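> Sharing data_21.csv, CSV, C-alpha atoms:
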chain,number,residue,atom,x,y,z
O,1,MET,CA,19.1,116.7,128.5
O,2,ASN,CA,16.9,119.6,129.8
O,3,GLY,CA,13.5,119.7,128.2
O,4,LEU,CA,10.2,121.6,128.0
O,5,VAL,CA,6.9,120.0,127.2
O,6,VAL,CA,4.2,122.3,125.9
O,7,LEU,CA,0.5,121.1,125.9
O,8,ALA,CA,-2.0,123.5,124.4
O,9,ALA,CA,-5.5,123.6,125.8
O,10,ALA,CA,-6.6,122.8,129.4
O,11,ALA,CA,-6.0,119.1,129.6
O,12,PRO,CA,-7.7,116.9,132.2
O,13,PRO,CA,-5.6,114.4,134.3
O,14,LEU,CA,-4.2,111.5,132.3
O,15,PHE,CA,-6.7,108.9,133.5
O,16,ALA,CA,-9.5,111.4,133.8
O,17,ALA,CA,-8.9,112.1,130.1
O,18,GLY,CA,-10.1,108.6,129.5
O,19,LEU,CA,-13.5,109.5,131.0
O,20,ALA,CA,-13.8,112.4,128.5
O,21,VAL,CA,-13.1,109.9,125.7
O,22,GLY,CA,-15.6,107.6,127.3
O,23,ARG,CA,-18.3,110.3,126.9
O,24,LEU,CA,-17.4,110.6,123.2
O,25,LEU,CA,-17.6,106.8,122.8
O,26,ALA,CA,-21.0,106.9,124.6
O,27,ARG,CA,-22.3,109.4,122.0
O,28,ARG,CA,-21.0,107.1,119.3
O,29,THR,CA,-22.8,104.2,120.9
O,30,ALA,CA,-26.1,106.1,120.9
O,31,ARG,CA,-25.6,106.5,117.1
O,32,GLY,CA,-25.1,102.8,116.8
O,33,ASP,CA,-21.3,102.8,116.6
O,34,THR,CA,-20.8,100.0,119.2
O,35,GLY,CA,-17.7,98.4,120.5
O,36,HIS,CA,-16.5,96.0,123.2
O,37,GLY,CA,-17.2,96.9,126.8
O,38,THR,CA,-18.8,99.9,128.5
O,39,PRO,CA,-17.8,103.4,127.5
O,40,VAL,CA,-15.7,103.8,130.7
O,41,GLU,CA,-13.9,100.5,130.1
O,42,ARG,CA,-13.2,101.4,126.5
O,43,ALA,CA,-12.0,104.9,127.6
O,44,THR,CA,-9.7,103.3,130.2
O,45,PHE,CA,-8.2,101.0,127.6
O,46,HIS,CA,-7.8,103.9,125.2
O,47,THR,CA,-6.0,106.0,127.9
O,48,LEU,CA,-3.7,103.2,128.9
O,49,HIS,CA,-2.9,102.2,125.3
O,50,THR,CA,-2.2,105.8,124.3
O,51,ALA,CA,0.1,106.3,127.3
O,52,SER,CA,1.9,103.1,126.5
O,53,LEU,CA,2.5,104.4,123.0
O,54,ALA,CA,3.8,107.8,124.2
O,55,ALA,CA,6.1,106.3,126.8
O,56,PRO,CA,8.7,104.6,124.6
O,57,PRO,CA,9.7,107.7,122.7
O,58,LEU,CA,10.2,109.6,126.0
O,59,ARG,CA,12.2,106.6,127.4
O,60,ALA,CA,14.7,107.4,124.6
O,61,GLY,CA,15.3,110.9,125.9
O,62,LEU,CA,14.4,114.2,124.4
O,63,THR,CA,15.4,114.4,120.8
O,64,GLU,CA,13.7,115.8,117.8
O,65,ASP,CA,12.6,112.3,116.7
O,66,SER,CA,11.4,111.2,120.1
O,67,ALA,CA,9.6,114.5,120.7
O,68,ARG,CA,7.8,114.3,117.4
O,69,LYS,CA,6.6,110.8,118.2
O,70,ALA,CA,5.5,111.7,121.7
O,71,VAL,CA,3.5,114.8,120.8
O,72,ARG,CA,1.7,112.9,118.0
O,73,ARG,CA,0.7,110.2,120.5
O,74,LEU,CA,-0.3,112.5,123.4
O,75,ARG,CA,-2.3,115.2,121.5
O,76,PRO,CA,-5.3,112.9,120.6
O,77,LEU,CA,-5.5,111.7,124.2
O,78,PHE,CA,-5.9,115.2,125.6
O,79,GLY,CA,-7.9,116.7,122.7
O,80,THR,CA,-5.7,119.8,122.8
O,81,ALA,CA,-5.6,122.5,120.3
O,82,ALA,CA,-1.8,122.1,120.1
O,83,LEU,CA,1.0,120.2,121.8
O,84,GLY,CA,4.7,120.9,121.6
O,85,LEU,CA,8.0,119.7,123.1
O,86,THR,CA,11.3,121.5,123.3
O,87,ALA,CA,14.7,121.0,125.0
O,88,GLU,CA,15.6,124.0,127.1
O,89,ASP,CA,14.7,127.0,124.9
O,90,ARG,CA,14.9,125.1,121.6
O,91,PRO,CA,11.6,123.7,120.2
O,92,LEU,CA,11.8,120.1,119.3
O,93,ALA,CA,8.3,119.3,118.0
O,94,TRP,CA,4.9,121.1,117.8
O,95,ASP,CA,1.6,119.6,116.8
O,96,GLY,CA,-1.3,122.0,116.1
O,97,PRO,CA,-1.7,125.8,116.2
O,98,GLY,CA,-0.6,128.3,118.9
O,99,ARG,CA,3.1,128.4,118.1
O,100,HIS,CA,2.9,132.2,117.8
O,101,HIS,CA,2.8,132.2,121.6
O,102,GLU,CA,6.2,130.4,121.9
O,103,ASP,CA,8.2,133.4,123.1
O,104,ALA,CA,5.7,134.3,125.8
O,105,VAL,CA,5.6,130.6,126.9
O,106,LEU,CA,9.4,130.3,127.1
O,107,ASP,CA,9.6,133.4,129.3
O,108,ARG,CA,7.4,131.6,131.8
O,109,VAL,CA,9.3,128.4,131.3
O,110,ARG,CA,12.6,130.1,132.3
O,111,HIS,CA,11.0,131.3,135.5
O,112,VAL,CA,9.8,127.8,136.4
O,113,LEU,CA,13.2,126.3,135.6
O,114,ASP,CA,14.8,128.8,138.0
O,115,THR,CA,12.2,128.3,140.9
O,116,GLY,CA,11.1,124.7,140.4
O,117,ARG,CA,7.5,125.7,141.2
O,118,THR,CA,4.3,125.4,139.1
O,119,GLN,CA,3.1,128.7,137.7
O,120,THR,CA,-0.1,129.8,135.9
O,121,PHE,CA,-0.4,132.8,133.6
O,122,THR,CA,-2.6,134.6,131.1
O,123,VAL,CA,-1.8,134.7,127.4
O,124,ALA,CA,-2.5,137.9,125.6
O,125,CYS,CA,-3.5,137.5,121.9
O,126,ALA,CA,-5.0,139.9,119.4
O,127,ASP,CA,-6.5,137.0,117.4
O,128,PRO,CA,-10.1,136.5,118.5
O,129,ASP,CA,-10.1,133.0,117.1
O,130,CYS,CA,-7.0,131.9,119.0
O,131,PRO,CA,-7.9,129.0,121.4
O,132,VAL,CA,-5.0,129.9,123.8
O,133,ARG,CA,-5.9,132.3,126.6
O,134,ARG,CA,-4.4,130.9,129.8
O,135,GLY,CA,-1.5,128.6,130.7
O,136,ALA,CA,0.0,126.5,133.4
O,137,VAL,CA,3.7,125.5,133.7
O,138,ALA,CA,4.9,122.6,135.9
O,139,PRO,CA,8.5,121.5,136.4
O,140,LEU,CA,9.9,118.2,135.1
O,141,THR,CA,12.2,116.7,137.8
O,142,VAL,CA,14.7,113.8,137.9
O,143,ASP,CA,16.5,113.1,141.1
O,144,GLN,CA,15.3,116.5,142.5
O,145,ARG,CA,16.8,118.3,139.5
O,146,VAL,CA,14.6,120.4,137.3
O,147,LEU,CA,15.3,119.3,133.8
O,148,GLY,CA,12.4,121.1,132.0
O,149,THR,CA,8.8,122.0,132.3
O,150,LEU,CA,5.3,120.9,131.2
O,151,VAL,CA,3.2,123.8,129.8
O,152,VAL,CA,-0.5,123.5,129.3
O,153,LEU,CA,-2.2,126.3,127.2
O,154,GLY,CA,-5.9,126.7,126.6
O,155,ALA,CA,-9.0,128.8,127.0
O,156,GLY,CA,-9.5,128.2,130.8
O,157,GLY,CA,-7.4,128.3,133.9
O,158,SER,CA,-9.3,126.2,136.4
O,159,ALA,CA,-7.7,124.4,139.4
O,160,SER,CA,-8.3,121.1,137.6
O,161,ALA,CA,-6.2,122.3,134.7
O,162,VAL,CA,-3.4,123.1,137.0
O,163,ARG,CA,-3.7,119.7,138.7
O,164,ALA,CA,-3.7,118.1,135.3
O,165,THR,CA,-0.5,119.9,134.3
O,166,GLU,CA,1.2,118.7,137.5
O,167,GLU,CA,0.0,115.1,137.0
O,168,VAL,CA,1.2,114.8,133.4
O,169,ALA,CA,4.4,116.5,134.4
O,170,ARG,CA,5.0,113.8,137.0
O,171,TRP,CA,4.3,111.1,134.4
O,172,VAL,CA,6.7,112.6,131.9
O,173,SER,CA,9.3,113.0,134.7
O,174,VAL,CA,9.0,109.3,135.4
O,175,GLN,CA,9.7,108.4,131.8
O,176,LEU,CA,12.7,110.8,131.7
O,177,GLU,CA,14.0,109.3,134.9
O,178,LEU,CA,13.7,105.8,133.5
O,179,ALA,CA,15.5,106.9,130.4
O,180,GLU,CA,18.3,108.3,132.5
O,181,LEU,CA,18.5,105.1,134.5
O,182,ASP,CA,18.6,103.0,131.3
O,183,ARG,CA,21.5,105.2,130.0
O,184,THR,CA,23.3,105.0,133.3
O,185,ARG,CA,23.1,101.2,133.5
O,186,THR,CA,24.0,100.7,129.9
O,187,GLY,CA,26.9,103.1,130.2
O,188,LEU,CA,28.2,101.4,133.4
O,189,ILE,CA,28.1,98.0,131.9
O,190,GLU,CA,29.8,99.0,128.7
O,191,ALA,CA,32.4,101.0,130.5
O,192,GLU,CA,33.2,98.1,132.8
O,193,ILE,CA,33.5,95.6,130.0
O,194,ARG,CA,35.7,98.0,128.0
O,195,ALA,CA,37.9,98.6,131.1
O,196,LEU,CA,38.3,94.9,131.7
O,197,ARG,CA,39.0,94.2,128.1
O,198,ALA,CA,41.6,96.9,128.3
O,199,GLN,CA,43.6,94.6,130.5
O,200,ILE,CA,44.5,92.8,127.3
O,201,SER,CA,46.8,95.6,126.4
O,202,PRO,CA,48.8,95.9,123.1
O,203,HIS,CA,51.8,95.4,125.3
O,204,PHE,CA,50.6,91.9,126.3
O,205,ILE,CA,49.5,91.1,122.7
O,206,TYR,CA,52.9,92.1,121.3
O,207,ASN,CA,54.8,90.1,123.9
O,208,SER,CA,52.7,87.0,123.4
O,209,LEU,CA,53.1,87.1,119.6
O,210,ALA,CA,56.9,87.7,120.1
O,211,ALA,CA,57.1,84.7,122.4
O,212,ILE,CA,55.2,82.6,119.9
O,213,ALA,CA,57.5,83.8,117.1
O,214,SER,CA,60.5,82.7,119.0
O,215,PHE,CA,59.4,79.1,118.9
O,216,VAL,CA,58.6,79.0,115.2
O,217,ARG,CA,62.0,77.6,114.1
O,218,THR,CA,63.1,75.9,117.3
O,219,ASP,CA,59.8,74.2,118.2
O,220,PRO,CA,57.1,74.6,115.5
O,221,GLU,CA,54.7,72.3,117.4
O,222,ARG,CA,55.0,74.5,120.5
O,223,ALA,CA,54.5,77.6,118.4
O,224,ARG,CA,51.3,76.1,116.8
O,225,ASP,CA,49.9,75.2,120.2
O,226,LEU,CA,50.6,78.7,121.7
O,227,LEU,CA,49.0,80.4,118.6
O,228,LEU,CA,45.8,78.3,119.1
O,229,GLU,CA,45.8,79.2,122.8
O,230,PHE,CA,46.2,82.9,121.9
O,231,ALA,CA,43.4,82.8,119.4
O,232,ASP,CA,41.0,81.1,121.8
O,233,PHE,CA,42.0,83.4,124.7
O,234,THR,CA,41.3,86.6,122.6
O,235,ARG,CA,38.0,85.2,121.3
O,236,TYR,CA,36.8,84.5,124.8
O,237,SER,CA,37.9,87.9,126.1
O,238,PHE,CA,36.3,89.9,123.3
O,239,ARG,CA,33.1,87.9,123.0
O,240,ARG,CA,29.9,89.9,122.8
O,241,HIS,CA,27.2,87.6,124.2
O,242,GLY,CA,26.3,87.2,127.9
O,243,GLU,CA,27.2,89.1,131.1
O,244,PHE,CA,27.9,85.8,132.9
O,245,THR,CA,29.9,82.7,132.2
O,246,THR,CA,30.8,79.6,134.2
O,247,LEU,CA,33.7,79.3,136.5
O,248,ALA,CA,35.0,76.5,134.3
O,249,GLU,CA,35.1,78.8,131.3
O,250,GLU,CA,36.7,81.6,133.2
O,251,LEU,CA,39.4,79.2,134.6
O,252,ARG,CA,40.0,77.8,131.1
O,253,SER,CA,40.7,81.4,129.8
O,254,ILE,CA,43.0,81.9,132.8
O,255,GLU,CA,44.9,78.7,131.9
O,256,GLN,CA,45.4,80.0,128.3
O,257,PHE,CA,46.6,83.4,129.6
O,258,LEU,CA,49.1,81.7,132.0
O,259,GLU,CA,50.3,79.4,129.2
O,260,LEU,CA,51.2,82.5,127.1
O,261,VAL,CA,52.9,84.1,130.1
O,262,ARG,CA,55.0,80.9,130.6
O,263,ALA,CA,56.1,81.1,127.0
O,264,ARG,CA,57.7,84.4,127.8
O,265,PHE,CA,59.0,83.9,131.4
O,266,GLY,CA,59.6,80.2,131.4
O,267,GLN,CA,60.4,78.7,134.8
O,268,ARG,CA,60.1,82.0,136.6
O,269,LEU,CA,56.3,81.4,136.9
O,270,GLN,CA,54.9,78.6,139.0
O,271,VAL,CA,51.2,78.1,139.2
O,272,THR,CA,49.2,75.9,141.6
O,273,LEU,CA,45.5,75.2,141.0
O,274,GLN,CA,43.2,73.5,143.4
O,275,ILE,CA,39.7,73.4,142.0
O,276,ALA,CA,36.7,71.5,143.5
O,277,PRO,CA,34.8,69.9,140.6
O,278,GLU,CA,31.4,70.7,142.1
O,279,VAL,CA,31.9,74.5,141.7
O,280,LEU,CA,32.9,74.4,138.0
O,281,PRO,CA,29.3,75.0,136.8
O,282,VAL,CA,28.8,78.0,139.1
O,283,ALA,CA,27.8,81.1,137.1
O,284,VAL,CA,30.2,84.1,137.6
O,285,PRO,CA,30.3,87.6,136.0
O,286,PHE,CA,32.2,87.6,132.7
O,287,LEU,CA,35.9,88.5,133.2
O,288,CYS,CA,35.7,88.5,137.0
O,289,LEU,CA,38.8,86.4,137.6
O,290,GLN,CA,41.1,86.9,134.7
O,291,PRO,CA,41.9,90.6,135.6
O,292,LEU,CA,42.9,89.4,139.1
O,293,VAL,CA,45.3,86.8,137.8
O,294,GLU,CA,46.7,89.4,135.4
O,295,ASN,CA,47.3,91.7,138.4
O,296,ALA,CA,49.1,88.8,140.2
O,297,VAL,CA,51.3,88.3,137.2
O,298,LYS,CA,52.1,92.0,136.8
O,299,HIS,CA,53.1,92.4,140.5
O,300,GLY,CA,54.8,89.0,140.7
O,301,LEU,CA,56.8,88.9,137.4
O,302,GLU,CA,56.9,92.1,135.5
O,303,GLU,CA,57.8,94.2,138.6
O,304,SER,CA,60.1,91.6,140.2
O,305,VAL,CA,63.1,89.6,139.2
O,306,GLU,CA,62.3,86.8,141.6
O,307,ARG,CA,60.4,83.6,140.8
O,308,SER,CA,56.7,84.2,140.9
O,309,ARG,CA,54.2,81.8,142.6
O,310,ILE,CA,50.5,82.1,141.9
O,311,GLY,CA,47.9,79.9,143.7
O,312,ILE,CA,44.3,79.6,142.5
O,313,THR,CA,41.8,77.7,144.6
O,314,ALA,CA,38.1,77.2,144.3
O,315,GLN,CA,36.3,75.5,147.1
O,316,ASP,CA,32.7,74.5,147.8
O,317,GLU,CA,31.2,76.2,150.9
O,318,GLY,CA,27.6,75.1,150.7
O,319,ALA,CA,25.6,77.9,149.2
O,320,THR,CA,28.7,79.7,148.0
O,321,ALA,CA,31.9,79.0,146.0
O,322,ARG,CA,35.0,80.4,147.7
O,323,ILE,CA,37.7,81.5,145.2
O,324,VAL,CA,41.2,82.6,146.3
O,325,ILE,CA,43.9,84.1,144.1
O,326,GLU,CA,47.2,84.5,145.9
O,327,ASP,CA,50.7,85.6,144.8
O,328,ASN,CA,54.1,86.2,146.3
O,329,GLY,CA,54.7,89.5,144.5
O,330,ILE,CA,55.6,92.9,145.7
O,331,GLY,CA,52.3,93.5,147.4
O,332,MET,CA,50.9,97.0,148.1
O,333,GLU,CA,50.5,99.5,150.8
O,334,PRO,CA,46.9,99.1,152.2
O,335,ASP,CA,46.0,102.8,152.0
O,336,ARG,CA,47.1,102.9,148.4
O,337,LEU,CA,44.9,99.8,147.7
O,338,ARG,CA,41.9,101.6,149.3
O,339,ARG,CA,42.5,104.6,147.1
O,340,LEU,CA,42.6,102.4,144.0
O,341,LEU,CA,39.3,100.7,144.9
O,342,ARG,CA,37.8,104.2,145.3
O,343,GLY,CA,39.0,105.1,141.8
O,344,GLU,CA,41.5,107.6,143.0
O,345,GLY,CA,44.6,106.1,141.4
O,346,GLY,CA,44.2,107.6,138.0
O,347,PRO,CA,42.3,106.4,134.8
O,348,ALA,CA,44.8,103.6,134.0
O,349,THR,CA,45.6,102.4,137.6
O,350,GLY,CA,43.9,99.5,139.3
O,351,ILE,CA,41.3,99.1,136.6
O,352,GLY,CA,41.0,95.4,137.0
O,353,LEU,CA,40.6,95.3,140.8
O,354,ARG,CA,38.2,98.2,140.9
O,355,ASN,CA,35.9,97.1,138.2
O,356,VAL,CA,35.7,93.5,139.4
O,357,ASP,CA,34.9,94.7,142.9
O,358,GLU,CA,32.2,97.0,141.6
O,359,ARG,CA,30.6,94.4,139.4
O,360,LEU,CA,30.5,91.8,142.2
O,361,ARG,CA,28.8,94.3,144.5
O,362,GLN,CA,26.3,95.3,141.8
O,363,VAL,CA,25.3,91.7,141.1
O,364,TYR,CA,25.5,90.1,144.6
O,365,GLY,CA,25.5,93.0,147.1
O,366,ASP,CA,28.2,94.7,149.1
O,367,ASP,CA,28.8,91.6,151.2
O,368,HIS,CA,30.3,90.0,148.1
O,369,GLY,CA,33.0,92.5,147.1
O,370,LEU,CA,36.7,91.6,146.9
O,371,VAL,CA,38.5,90.8,150.2
O,372,ILE,CA,42.1,91.7,149.7
O,373,GLU,CA,45.0,91.0,152.1
O,374,THR,CA,48.3,92.7,151.2
O,375,GLY,CA,51.3,94.6,152.4
O,376,VAL,CA,54.5,96.0,151.0
O,377,GLY,CA,56.7,93.0,150.1
O,378,ALA,CA,54.0,90.6,151.4
O,379,GLY,CA,52.3,89.6,148.2
O,380,MET,CA,48.5,89.7,147.8
O,381,LYS,CA,45.7,87.4,148.6
O,382,ILE,CA,42.2,88.1,147.0
O,383,THR,CA,39.2,86.2,148.2
O,384,ILE,CA,35.8,86.1,146.4
O,385,ARG,CA,32.6,84.4,147.6
O,386,ILE,CA,30.2,83.7,144.8
O,387,PRO,CA,26.6,82.6,145.6
O,388,LYS,CA,25.9,79.4,143.7
O,389,TYR,CA,22.3,80.5,143.0
O,390,ARG,CA,21.2,84.1,142.5
O,391,PRO,CA,18.0,85.2,140.7
O,392,GLY,CA,18.7,86.6,137.2
O,393,VAL,CA,22.3,85.2,137.2
O,394,HIS,CA,22.6,82.6,134.4
O,395,SER,CA,25.7,81.8,132.4
O,396,THR,CA,25.6,82.0,128.6
O,397,PRO,CA,27.2,78.8,127.1
O,398,ARG,CA,29.9,79.1,124.6
O,399,HIS,CA,28.9,78.3,121.0
O,400,PRO,CA,30.4,75.0,119.9
O,401,GLY,CA,33.5,75.5,117.8
O,402,THR,CA,33.8,79.2,118.4
O,403,GLY,CA,36.0,79.4,121.4
O,404,GLY,CA,33.4,81.5,123.2
O,405,GLY,CA,33.1,84.2,120.6
Translate this file's structure into structure tokens.


Amino acid sequence: MNGLVVLAAAAPPLFAAGLAVGRLLARRTARGDTGHGTPVERATFHTLHTASLAAPPLRAGLTEDSARKAVRRLRPLFGTAALGLTAEDRPLAWDGPGRHHEDAVLDRVRHVLDTGRTQTFTVACADPDCPVRRGAVAPLTVDQRVLGTLVVLGAGGSASAVRATEEVARWVSVQLELAELDRTRTGLIEAEIRALRAQISPHFIYNSLAAIASFVRTDPERARDLLLEFADFTRYSFRRHGEFTTLAEELRSIEQFLELVRARFGQRLQVTLQIAPEVLPVAVPFLCLQPLVENAVKHGLEESVERSRIGITAQDEGATARIVIEDNGIGMEPDRLRRLLRGEGGPATGIGLRNVDERLRQVYGDDHGLVIETGVGAGMKITIRIPKYRPGVHSTPRHPGTGGG
């Protein structure tokens, strides 16, 4: 969101403002109003504390609520006559007098938004008691984009006031950039999880329940077991805690998925698992293997009339766990696969492969993306190498009796 910050009165730099407060505290000390530490120490603490209170609202972005909180925190720090915050040309919050200069200020703001350069100007006012006579406007930038401006209005127009405007503008810009990074990261994580969960399509759910229903009269015990597998599988896939799980839990979910597939396709599906016990506790990103197995089933069974063979191996390679998922399906033309991994195959194409590849690269680095070998009619082999130990990567255990949910 574009934004304009308006600070009325010539404010000193953020930390220099603490020195001004220090002088005030010194006068209080002379009157017997003592506190802990020297005036400069108390001023420094006051400045840092006030900045820490003003930062969280800005980290939430520029809204009426966050603007109101930010101006209320910043105005006492700078000792300004007035302080305001707007988004583009729309005022969000204003604390103190001077709002009758808003139109003149916004004219200057538009110029800075266009040029991206700091500007100083004189404010004409017929009111002899008005504390606003001069102003300085500095741009707020995020990733070299001008999102808004910081405007300081007061009685003087010294070089220090201009420097103060630019310093505070940089500080506000940092808070807005952090807010954007937070939104971007949160949005990516949520989008990736939604996309991966979308692999459990209504089509799959309908077919699974239909297969279970087909056993209700002929084999009730089998129907009951399949229903329990279906319930546990869906609870795990839609659980809301933890970005990471263990390889053992991910493989357990895959076994449940394959059991439901077997209920539909019977002997057409053959699965081979070779899992080294020592890699079962390794932490892996949640839903990093299941979409790959679903992809193998789709290309091996749903798009072919032949018998499908899927092999899943997990081996110990010292500092890493090597996981391979291989099928004898229809395969894919390599150039088409590259387009899918770049997200050029359409919104509903290659979601599982692309998002798993992106998540692995985000967590472990580009060297740990998917390695895919395929060709038309040649099946597909996907290799993943997961570091056994990575700072910040810890699995979230399943809650007992909940099936992971």

> Which is closest to O:Glu278 among O:Ala104, O:Ala321, O:Val393, O:Val376, if we use only C-alpha atoms?

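Of O:Ala104, O:Ala321, O:Val393, O:Val376, the one nearest O:Glu278 is O:Ala321, counting only C-alpha atoms.
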
> Of the candidates O:Thr272, O:Asn207, O:Gln267, O:Ser66, which one gets nearest to O:Ala179 if we count all atoms listed in the file?

O:Ser66

> Considering all atoms listed in the file, state which residue in the set O:Pro220, O:Pro139, O:Gly154, O:Gly365 is at the smallest distance from O:Phe121.

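Residue with the minimum atom-to-atom distance to O:Phe121: O:Gly154.
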
> Quick one: pull the distance between atom CA of O:Arg73 and atom CA of O:Leu92, Å, one decimal.

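Computing it gives 14.9 Å between the two atoms.
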
> Record the distance separating atom CA of O:Cys288 and atom CA of O:Leu273, expressed in Å with one decimal.

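According to the coordinates, atom CA of O:Cys288 and atom CA of O:Leu273 are separated by 17.0 Å.
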
> In Å to one decimal, how far is atom CA of O:Gly148 from atom CA of O:Asp114?

10.1 Å

> From the list O:Gly375, O:Thr115, O:Val282, O:Leu227, which residue is nearest O:Gln256 when using only C-alpha atoms?

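Of the candidates, the smallest distance to O:Gln256 is held by O:Leu227.
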
> Using only C-alpha atoms, what table do you get, as CSV, when you list each residue of stretch 348-381 of chain O with an atom no more than 12 Å from stretch 335-341 of chain O, its nearest pair of atoms, and their distance in Å rounded to one decimal, rows by chain then rising number?


residue,atom,partner,partner_atom,distance
O:Ala348,CA,O:Leu340,CA,10.3
O:Thr349,CA,O:Leu340,CA,7.1
O:Gly350,CA,O:Leu340,CA,5.7
O:Ile351,CA,O:Leu340,CA,8.2
O:Gly352,CA,O:Leu341,CA,9.7
O:Leu353,CA,O:Leu341,CA,6.9
O:Arg354,CA,O:Leu341,CA,4.8
O:Asn355,CA,O:Leu341,CA,8.3
O:Val356,CA,O:Leu341,CA,9.7
O:Asp357,CA,O:Leu341,CA,7.7
O:Glu358,CA,O:Leu341,CA,8.7
O:Gly369,CA,O:Leu341,CA,10.6
O:Leu370,CA,O:Leu341,CA,9.7
O:Val371,CA,O:Leu341,CA,11.3
O:Ile372,CA,O:Leu337,CA,8.8
O:Glu373,CA,O:Leu337,CA,9.8
O:Thr374,CA,O:Leu337,CA,8.6
O:Gly375,CA,O:Leu337,CA,9.5
O:Val376,CA,O:Arg336,CA,10.4
O:Met380,CA,O:Leu337,CA,10.7
